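Q: Structure supplied as model-v6.txt; contents: compact mmCIF, C-alpha atoms.
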```txt
# COMPACT_ATOMS: atom_id res chain seq x y z
CA MET A 1 -1.32 -15.34 26.92
CA ARG A 2 0.16 -12.08 25.65
CA ARG A 3 -1.69 -8.82 26.35
CA LYS A 4 -0.09 -6.50 23.78
CA ILE A 5 1.72 -6.66 20.47
CA ARG A 6 3.45 -3.84 18.58
CA LEU A 7 3.87 -4.02 14.83
CA LYS A 8 5.17 -2.12 11.82
CA ALA A 9 2.72 -2.01 8.91
CA PHE A 10 4.75 -1.36 5.77
CA ALA A 11 3.51 0.74 2.84
CA LYS A 12 3.63 -0.52 -0.75
CA VAL A 13 4.29 0.86 -4.20
CA ASN A 14 3.20 -0.43 -7.59
CA TYR A 15 6.17 -0.90 -9.91
CA ALA A 16 3.57 -1.73 -12.57
CA LEU A 17 -0.22 -1.46 -12.75
CA ASP A 18 -1.99 -2.78 -15.85
CA VAL A 19 -5.80 -2.74 -16.07
CA VAL A 20 -6.62 -5.83 -18.14
CA GLY A 21 -10.42 -5.91 -17.95
CA VAL A 22 -13.62 -5.20 -16.07
CA ARG A 23 -15.61 -7.98 -14.41
CA PRO A 24 -19.42 -8.23 -14.54
CA ASP A 25 -19.56 -7.04 -10.91
CA GLY A 26 -17.77 -3.82 -11.91
CA TYR A 27 -14.43 -4.64 -10.29
CA HIS A 28 -11.35 -4.23 -12.44
CA GLU A 29 -9.02 -7.07 -13.35
CA LEU A 30 -5.41 -6.06 -12.78
CA ARG A 31 -1.88 -7.26 -13.33
CA THR A 32 0.20 -5.29 -10.88
CA VAL A 33 3.70 -5.75 -9.47
CA LEU A 34 3.74 -4.72 -5.82
CA GLN A 35 6.67 -3.95 -3.54
CA SER A 36 6.68 -3.44 0.24
CA VAL A 37 8.76 -0.44 1.34
CA SER A 38 10.22 0.62 4.67
CA LEU A 39 7.83 3.56 5.17
CA ALA A 40 5.49 2.22 7.85
CA ASP A 41 2.67 2.93 10.28
CA GLY A 42 2.98 1.78 13.88
CA VAL A 43 0.16 -0.53 15.02
CA THR A 44 -0.34 -1.58 18.64
CA VAL A 45 -2.99 -4.20 19.45
CA GLU A 46 -3.95 -4.78 23.11
CA ARG A 47 -6.41 -7.15 24.77
CA ILE A 48 -9.05 -5.30 26.85
CA GLY A 49 -12.03 -6.36 28.92
CA SER A 50 -14.73 -5.82 26.31
CA GLY A 51 -15.60 -3.96 23.12
CA PHE A 52 -13.27 -2.23 20.70
CA GLU A 53 -11.29 1.00 20.94
CA LEU A 54 -9.44 2.74 18.14
CA LEU A 55 -6.87 5.46 18.84
CA VAL A 56 -5.12 7.36 16.06
CA GLU A 57 -1.97 9.44 16.39
CA PRO A 58 -1.67 12.29 15.46
CA GLU A 59 -5.18 13.02 16.69
CA ASN A 60 -6.02 15.65 14.06
CA LEU A 61 -5.94 13.22 11.13
CA GLY A 62 -9.21 12.98 9.22
CA ILE A 63 -9.74 9.22 8.93
CA GLY A 64 -13.53 9.07 8.57
CA THR A 65 -15.95 7.17 10.77
CA LEU A 66 -14.99 4.22 12.95
CA GLU A 67 -17.03 1.83 10.80
CA GLN A 68 -15.11 2.91 7.67
CA ASN A 69 -11.70 2.34 9.22
CA THR A 70 -9.85 -0.72 7.95
CA ALA A 71 -8.63 -1.63 11.45
CA TYR A 72 -12.23 -1.73 12.71
CA ARG A 73 -13.34 -3.81 9.73
CA ALA A 74 -10.44 -6.22 10.23
CA ARG A 75 -11.45 -6.87 13.83
CA SER A 76 -15.17 -7.17 12.95
CA LEU A 77 -14.65 -9.63 10.09
CA LEU A 78 -12.20 -11.73 12.09
CA GLY A 79 -14.65 -11.85 14.99
CA GLU A 80 -17.41 -13.03 12.64
CA LEU A 81 -15.17 -15.75 11.21
CA CYS A 82 -14.17 -17.04 14.64
CA ASP A 83 -17.55 -16.33 16.28
CA THR A 84 -15.93 -14.45 19.15
CA GLU A 85 -15.85 -10.83 20.31
CA LEU A 86 -12.06 -10.19 20.24
CA PRO A 87 -12.10 -7.28 22.73
CA ALA A 88 -9.18 -5.07 21.76
CA ARG A 89 -7.69 -1.61 21.69
CA VAL A 90 -5.87 -0.68 18.47
CA THR A 91 -3.54 2.32 18.34
CA LEU A 92 -2.46 3.52 14.89
CA THR A 93 0.57 5.79 14.64
CA LYS A 94 0.17 7.15 11.13
CA ASN A 95 3.26 7.85 9.05
CA VAL A 96 1.93 6.71 5.67
CA PRO A 97 -0.11 9.53 4.08
CA ALA A 98 -3.73 8.83 3.17
CA GLY A 99 -5.11 9.23 -0.34
CA ALA A 100 -1.69 8.41 -1.73
CA GLY A 101 -1.92 4.94 -3.26
CA LEU A 102 0.62 3.67 -0.73
CA GLY A 103 -1.68 1.14 0.92
CA GLY A 104 -1.60 2.64 4.41
CA GLY A 105 -5.11 1.52 5.32
CA SER A 106 -4.52 -1.93 3.84
CA SER A 107 -1.28 -2.44 5.74
CA ASP A 108 -2.96 -1.31 8.99
CA ALA A 109 -5.70 -3.91 8.43
CA ALA A 110 -3.10 -6.61 7.75
CA ALA A 111 -1.27 -5.75 10.98
CA VAL A 112 -4.52 -5.87 13.00
CA LEU A 113 -5.42 -9.28 11.53
CA LEU A 114 -2.00 -10.70 12.38
CA GLY A 115 -1.95 -9.04 15.80
CA LEU A 116 -5.37 -10.35 16.81
CA ASP A 117 -4.53 -13.84 15.53
CA GLU A 118 -1.42 -13.85 17.73
CA LEU A 119 -2.94 -12.28 20.86
CA PHE A 120 -6.04 -14.46 20.93
CA GLY A 121 -4.33 -17.66 19.75
CA LEU A 122 -6.73 -18.09 16.83
CA GLY A 123 -4.28 -20.24 14.87
CA LEU A 124 -5.51 -19.10 11.46
CA SER A 125 -3.56 -20.02 8.35
CA ALA A 126 -2.13 -17.46 5.94
CA GLU A 127 -4.82 -18.50 3.46
CA GLU A 128 -7.63 -17.92 5.98
CA LEU A 129 -6.26 -14.51 6.93
CA GLY A 130 -5.93 -13.65 3.23
CA ILE A 131 -9.59 -14.49 2.61
CA VAL A 132 -10.62 -12.14 5.42
CA GLY A 133 -8.21 -9.50 4.15
CA ALA A 134 -9.64 -9.59 0.63
CA LYS A 135 -13.04 -8.60 2.05
CA ILE A 136 -11.47 -5.44 3.48
CA GLY A 137 -9.53 -4.31 0.42
CA ALA A 138 -7.77 -5.61 -2.67
CA ASP A 139 -4.28 -4.81 -1.31
CA VAL A 140 -4.73 -6.43 2.11
CA PRO A 141 -3.75 -9.98 1.03
CA PHE A 142 -0.49 -8.59 -0.37
CA CYS A 143 0.15 -6.51 2.76
CA LEU A 144 -0.23 -9.66 4.88
CA ALA A 145 2.55 -11.36 2.92
CA GLY A 146 4.63 -8.42 1.71
CA GLY A 147 7.86 -8.50 -0.25
CA THR A 148 7.67 -8.48 -4.03
CA ALA A 149 4.72 -10.04 -5.85
CA LEU A 150 2.64 -10.11 -9.00
CA ALA A 151 -1.01 -9.56 -8.06
CA GLU A 152 -3.76 -10.56 -10.48
CA GLY A 153 -7.53 -10.68 -10.45
CA VAL A 154 -8.67 -7.78 -8.28
CA GLY A 155 -5.40 -8.12 -6.37
CA GLU A 156 -6.07 -11.32 -4.43
CA ALA A 157 -4.15 -13.79 -6.64
CA LEU A 158 -0.51 -13.42 -5.61
CA THR A 159 2.65 -14.88 -7.13
CA ASN A 160 6.03 -14.29 -5.52
CA VAL A 161 8.60 -12.84 -7.91
CA PRO A 162 12.32 -12.02 -7.51
CA ALA A 163 13.15 -9.14 -5.19
CA PRO A 164 14.57 -6.03 -6.89
CA PRO A 165 18.25 -5.09 -6.84
CA ASP A 166 19.13 -2.81 -3.95
CA HIS A 167 17.89 0.75 -4.44
CA ARG A 168 16.12 3.59 -2.69
CA LEU A 169 12.79 5.22 -3.41
CA LEU A 170 11.96 8.88 -2.96
CA ILE A 171 8.21 9.16 -2.44
CA ALA A 172 6.49 12.51 -2.94
CA LYS A 173 2.81 13.34 -2.45
CA PRO A 174 1.03 16.60 -3.27
CA SER A 175 -1.35 18.13 -0.76
CA ARG A 176 -4.41 16.76 -2.54
CA GLY A 177 -5.19 13.06 -2.38
CA ALA A 178 -6.74 10.94 -5.12
CA ASP A 179 -10.26 9.51 -5.03
CA THR A 180 -9.81 5.88 -6.15
CA GLY A 181 -13.45 5.48 -7.18
CA LYS A 182 -13.37 8.65 -9.24
CA VAL A 183 -10.15 7.58 -10.98
CA TYR A 184 -11.63 4.22 -11.98
CA ARG A 185 -14.86 5.85 -13.17
CA ALA A 186 -12.82 8.15 -15.38
CA TYR A 187 -10.98 5.12 -16.74
CA ASP A 188 -14.28 3.33 -17.45
CA ALA A 189 -15.65 6.37 -19.27
CA ALA A 190 -12.70 6.56 -21.67
CA PRO A 191 -10.32 3.60 -21.26
CA VAL A 192 -6.93 3.86 -22.91
CA PRO A 193 -4.76 0.96 -24.15
CA SER A 194 -2.71 -0.58 -21.35
CA VAL A 195 0.93 0.44 -21.14
CA ASP A 196 1.63 -3.28 -20.46
CA SER A 197 4.32 -2.52 -17.91
CA ALA A 198 3.92 -5.65 -15.77
CA ASP A 199 5.74 -8.02 -18.14
CA ARG A 200 8.60 -5.57 -18.60
CA VAL A 201 8.94 -5.06 -14.85
CA LEU A 202 8.91 -8.82 -14.26
CA ALA A 203 11.65 -9.30 -16.86
CA ALA A 204 13.73 -6.59 -15.20
CA LEU A 205 13.30 -8.20 -11.77
CA ARG A 206 14.40 -11.56 -13.14
CA SER A 207 17.48 -10.00 -14.69
CA GLY A 208 18.36 -7.97 -11.57
CA ASP A 209 18.92 -4.88 -13.76
CA LEU A 210 17.97 -1.70 -11.85
CA ALA A 211 18.15 0.52 -14.95
CA ALA A 212 15.78 -1.86 -16.76
CA LEU A 213 13.41 -1.81 -13.80
CA ALA A 214 13.44 1.99 -13.73
CA GLY A 215 12.68 2.12 -17.44
CA ALA A 216 9.83 -0.38 -17.17
CA LEU A 217 7.78 1.41 -14.49
CA GLY A 218 4.22 2.16 -15.56
CA ASN A 219 0.65 2.71 -14.38
CA ASP A 220 -2.49 2.62 -16.52
CA LEU A 221 -4.34 4.87 -14.06
CA ALA A 222 -1.77 7.65 -14.09
CA TYR A 223 -3.26 9.45 -17.09
CA PHE A 224 -6.63 9.81 -15.35
CA THR A 225 -5.24 10.91 -11.99
CA LYS A 226 -3.03 13.48 -13.72
CA GLU A 227 -6.06 14.88 -15.56
CA GLU A 228 -7.67 15.57 -12.19
CA LEU A 229 -4.47 16.41 -10.29
CA PRO A 230 -1.87 17.94 -12.64
CA GLU A 231 0.51 18.31 -9.70
CA VAL A 232 1.05 14.53 -9.89
CA ALA A 233 2.59 14.91 -13.36
CA GLU A 234 4.63 17.86 -12.14
CA LEU A 235 6.09 15.91 -9.23
CA GLU A 236 6.92 12.97 -11.48
CA GLU A 237 8.82 15.28 -13.81
CA LYS A 238 10.63 16.93 -10.90
CA LEU A 239 11.79 13.53 -9.64
CA LEU A 240 13.31 12.78 -13.03
CA GLN A 241 14.95 16.20 -13.16
CA ALA A 242 16.37 15.56 -9.68
CA GLY A 243 18.15 12.45 -10.94
CA ALA A 244 15.68 9.58 -10.57
CA LEU A 245 16.46 6.64 -12.85
CA GLY A 246 12.72 6.29 -13.40
CA ALA A 247 9.53 7.57 -11.82
CA SER A 248 5.89 6.53 -11.64
CA MET A 249 2.65 6.98 -9.73
CA THR A 250 1.68 4.33 -7.18
CA GLY A 251 -1.83 2.86 -7.07
CA SER A 252 -4.47 5.40 -8.08
CA GLY A 253 -2.26 8.18 -6.64
CA SER A 254 -1.66 10.82 -5.68
CA ALA A 255 1.85 9.81 -4.51
CA VAL A 256 4.63 9.33 -7.03
CA TYR A 257 8.06 7.83 -6.49
CA GLY A 258 11.47 7.87 -8.11
CA LEU A 259 14.08 5.11 -8.11
CA PHE A 260 17.63 5.96 -7.04
CA ARG A 261 20.73 3.80 -6.76
CA ASP A 262 21.51 4.72 -3.15
CA GLU A 263 20.45 6.69 -0.07
CA GLU A 264 22.77 9.60 -0.79
CA ALA A 265 21.32 10.20 -4.26
CA ALA A 266 17.76 9.93 -2.95
CA GLU A 267 18.35 12.33 -0.06
CA ARG A 268 20.07 14.79 -2.38
CA ALA A 269 17.05 14.73 -4.66
CA ARG A 270 14.69 15.08 -1.69
CA GLY A 271 16.19 18.49 -1.01
CA LYS A 272 15.05 19.62 -4.46
CA ILE A 273 11.45 18.42 -4.19
CA GLU A 274 8.70 20.55 -2.66
CA ALA A 275 5.67 18.47 -1.75
CA SER A 276 3.19 17.94 1.08
CA PHE A 277 5.03 14.72 1.94
CA THR A 278 8.43 13.38 0.97
CA GLY A 279 10.19 10.31 2.26
CA VAL A 280 13.17 8.16 1.34
CA CYS A 281 12.67 4.44 1.86
CA ALA A 282 13.97 1.04 0.78
CA PRO A 283 12.33 -2.16 -0.46
CA VAL A 284 11.59 -4.66 2.33
CA SER A 285 10.80 -8.37 2.22
CA ARG A 286 7.69 -8.42 4.41
CA GLY A 287 4.39 -6.63 4.86
CA VAL A 288 4.16 -6.60 8.65
CA GLU A 289 6.90 -6.89 11.27
CA GLU A 290 6.69 -7.26 15.03
CA ILE A 291 8.68 -4.63 16.88
```
Starting from the file, lay out its structure as structure tokens.

A:
Amino acid sequence: MRRKIRLKAFAKVNYALDVVGVRPDGYHELRTVLQSVSLADGVTVERIGSGFELLVEPENLGIGTLEQNTAYRARSLLGELCDTELPARVTLTKNVPAGAGLGGGSSDAAAVLLGLDELFGLGLSAEELGIVGAKIGADVPFCLAGGTALAEGVGEALTNVPAPPDHRLLIAKPSRGADTGKVYRAYDAAPVPSVDSADRVLAALRSGDLAALAGALGNDLAYFTKEELPEVAELEEKLLQAGALGASMTGSGSAVYGLFRDEEAAERARGKIEASFTGVCAPVSRGVEEI
């Protein structure tokens, strides 16, 4: 039986995010078009004698308590499901910025679930892993599958949709991150009509028209994040001025991204953007990949 597995845990962006309602339990019903991108954390999962160890590189990252970490929760919930300890050491090499809406924590959890399933020969189905993932976070089921998908409900109901035409994304994040709970509370206090971007994005994906996709991007939460973090709006405008075909915020922020036809155009624009984090990446067809 294998002792170690190394994985890439890919980030995601939301081409569209429509808030379509609020459930009685307070969770928000969404229609969101999600895309895996080549920006990725490194995740190493190793079998050990007993217990659980979590190592994070770089060491100075503020990731909260062990119990709050998605990798820890993934191992705990999987152990409960299989009624076994799953002694493991997980090493996270963080490249995806936190508080960005890029799904870094969700993709890490997805990689840990898949890594533990492989190392311990659990033989769980994609559906079983998705059920565990949904208990960790709304984006985890998507990060397990990856690619391009329409997510509905709170994010757990996934439908595969056509992959986008080839392009590059320039992601930019200001120094401040967004508080997802605070953004949704602001939305609940004064909801605005949905921009209804999901259907337009889906039509653009079906047509394979990159310009149409760029023009269809939208996010119902962007208004509220920009009220709290005006630098998000400023970065979005700078991406457009730098030549992006279209630009939008991902998730609840604070990262924004611009669409470009090729690597050269994206890298040229990157030189004009000042932000805490910038990165050029491409769409990918999976959420997790073994290295």

Q: Between atom CA of Ala255 of chain A and atom CA of Val232 of chain A, what distance in Å does the model show, to one decimal?

A: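 Here the two named atoms are 7.2 Å from each other.
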
Q: Measuring between all atoms listed in the file, which one of A:Arg2, A:Gly133, A:Leu229, A:Lys272 shows the shortest distance to Gly121 of chain A?

A: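 Closest residue, counting all atoms listed in the file: A:Arg2.
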
Q: Suppose you want the space between atom CA of Leu240 of chain A and atom CA of Ala149 of chain A; what is it in Å?

A: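 We find that atom CA of Leu240 of chain A and atom CA of Ala149 of chain A lie 25.4 Å from each other.
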
Q: Determine, counting all atoms listed in the file, which protein, DNA and RNA residues have an atom within 8 Å of an atom of Ile273 of chain A; residues of the same chain fewer than 2 positions away are not included. Present the result as a count of residues only.

A: 10

Q: Can you work out which one of A:Asp188, A:Glu227, A:Glu267, A:Glu234 has the shortest atom-to-atom distance to Val20 of chain A, counting all atoms listed in the file?

A: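 Comparing A:Asp188, A:Glu227, A:Glu267, A:Glu234 against Val20 of chain A, the winner is A:Asp188.
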
Q: Name the closest residue to Glu53 of chain A among the candidates A:Glu67, A:Asp41, A:Glu263, A:Glu127; distances are taken between atoms, counting only C-alpha atoms.

A: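 Going through A:Glu67, A:Asp41, A:Glu263, A:Glu127 one by one, the smallest distance to Glu53 of chain A is for A:Glu67.
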
Q: Tell me, in Å to one decimal, how far atom CA of Ala198 of chain A is from atom CA of Arg268 of chain A.

A: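 Straight-line distance from atom CA of Ala198 of chain A to atom CA of Arg268 of chain A works out to 29.3 Å.
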
Q: Which is closest to Ala211 of chain A among A:Ala178, A:Ala190, A:Leu259, A:Leu113, if we use all atoms listed in the file?

A: A:Leu259

Q: Given all atoms listed in the file as the basis, pick out the residue of A:Thr250, A:Ser125, A:Asn95, A:Ser194 nearest to Phe10 of chain A.

A: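 Using all atoms listed in the file, Phe10 of chain A sits closest to A:Asn95.
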
Q: Place a sphere of radius 10 Å on (-12.1, -20.1, 14.3) in the file coordinates and name every protein, DNA or RNA residue with an atom inside or on its surface, counting only C-alpha atoms; give the answer as a compact mmCIF listing (two decimals) with C-alpha atoms, keeping the file's coordinate frame.

A:
```
# COMPACT_ATOMS: atom_id res chain seq x y z
CA LEU A 78 -12.20 -11.73 12.09
CA GLY A 79 -14.65 -11.85 14.99
CA GLU A 80 -17.41 -13.03 12.64
CA LEU A 81 -15.17 -15.75 11.21
CA CYS A 82 -14.17 -17.04 14.64
CA ASP A 83 -17.55 -16.33 16.28
CA THR A 84 -15.93 -14.45 19.15
CA ASP A 117 -4.53 -13.84 15.53
CA GLY A 121 -4.33 -17.66 19.75
CA LEU A 122 -6.73 -18.09 16.83
CA GLY A 123 -4.28 -20.24 14.87
CA LEU A 124 -5.51 -19.10 11.46
CA GLU A 128 -7.63 -17.92 5.98
```

Q: For Ile131 of chain A, which residue out of A:Leu77, A:Leu150, A:Leu30, A:Leu86 is the nearest one, using all atoms listed in the file?

A: A:Leu77

Q: Considering all atoms listed in the file, return as a ChimeraX atom specification whatever protein or nucleic-acid residues lie within 6 Å of segment 279-287 of chain A, sequence-local ones (same chain, fewer than 3 positions apart) excluded.

A: /A:10,36-39,143-147,168-171

Q: Keeping only C-alpha atoms, write the selected residues to a file as an mmCIF file, in the frame of the given file.

A:
```cif
data_model
loop_
_atom_site.group_PDB
_atom_site.id
_atom_site.type_symbol
_atom_site.label_atom_id
_atom_site.label_comp_id
_atom_site.auth_asym_id
_atom_site.auth_seq_id
_atom_site.Cartn_x
_atom_site.Cartn_y
_atom_site.Cartn_z
ATOM 1 C CA PHE A 10 4.750 -1.360 5.770
ATOM 2 C CA SER A 36 6.680 -3.440 0.240
ATOM 3 C CA VAL A 37 8.760 -0.440 1.340
ATOM 4 C CA SER A 38 10.220 0.620 4.670
ATOM 5 C CA LEU A 39 7.830 3.560 5.170
ATOM 6 C CA CYS A 143 0.150 -6.510 2.760
ATOM 7 C CA LEU A 144 -0.230 -9.660 4.880
ATOM 8 C CA ALA A 145 2.550 -11.360 2.920
ATOM 9 C CA GLY A 146 4.630 -8.420 1.710
ATOM 10 C CA GLY A 147 7.860 -8.500 -0.250
ATOM 11 C CA ARG A 168 16.120 3.590 -2.690
ATOM 12 C CA LEU A 169 12.790 5.220 -3.410
ATOM 13 C CA LEU A 170 11.960 8.880 -2.960
ATOM 14 C CA ILE A 171 8.210 9.160 -2.440
#
```

Q: Might you pull out every residue within 8 Å of Leu92 of chain A, with all atoms listed in the file counted and same-chain residues fewer than 2 positions away left off, and present them as a list of chain:residue names?

A: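 With the cut-off at 8 Å, the set is A:Asp41, A:Gly42, A:Val43, A:Thr44, A:Leu54, A:Leu55, A:Val56, A:Glu57, A:Val90, A:Lys94, A:Asp108.
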
Q: If you count all atoms listed in the file, which residues fall within 12 Å of Ser248 of chain A, apart from same-chain ones fewer than 5 positions away, as a PyMOL selection string?

A: chain A and resi 13-17+101+169-173+197+213-223+225-226+232-240+253-259
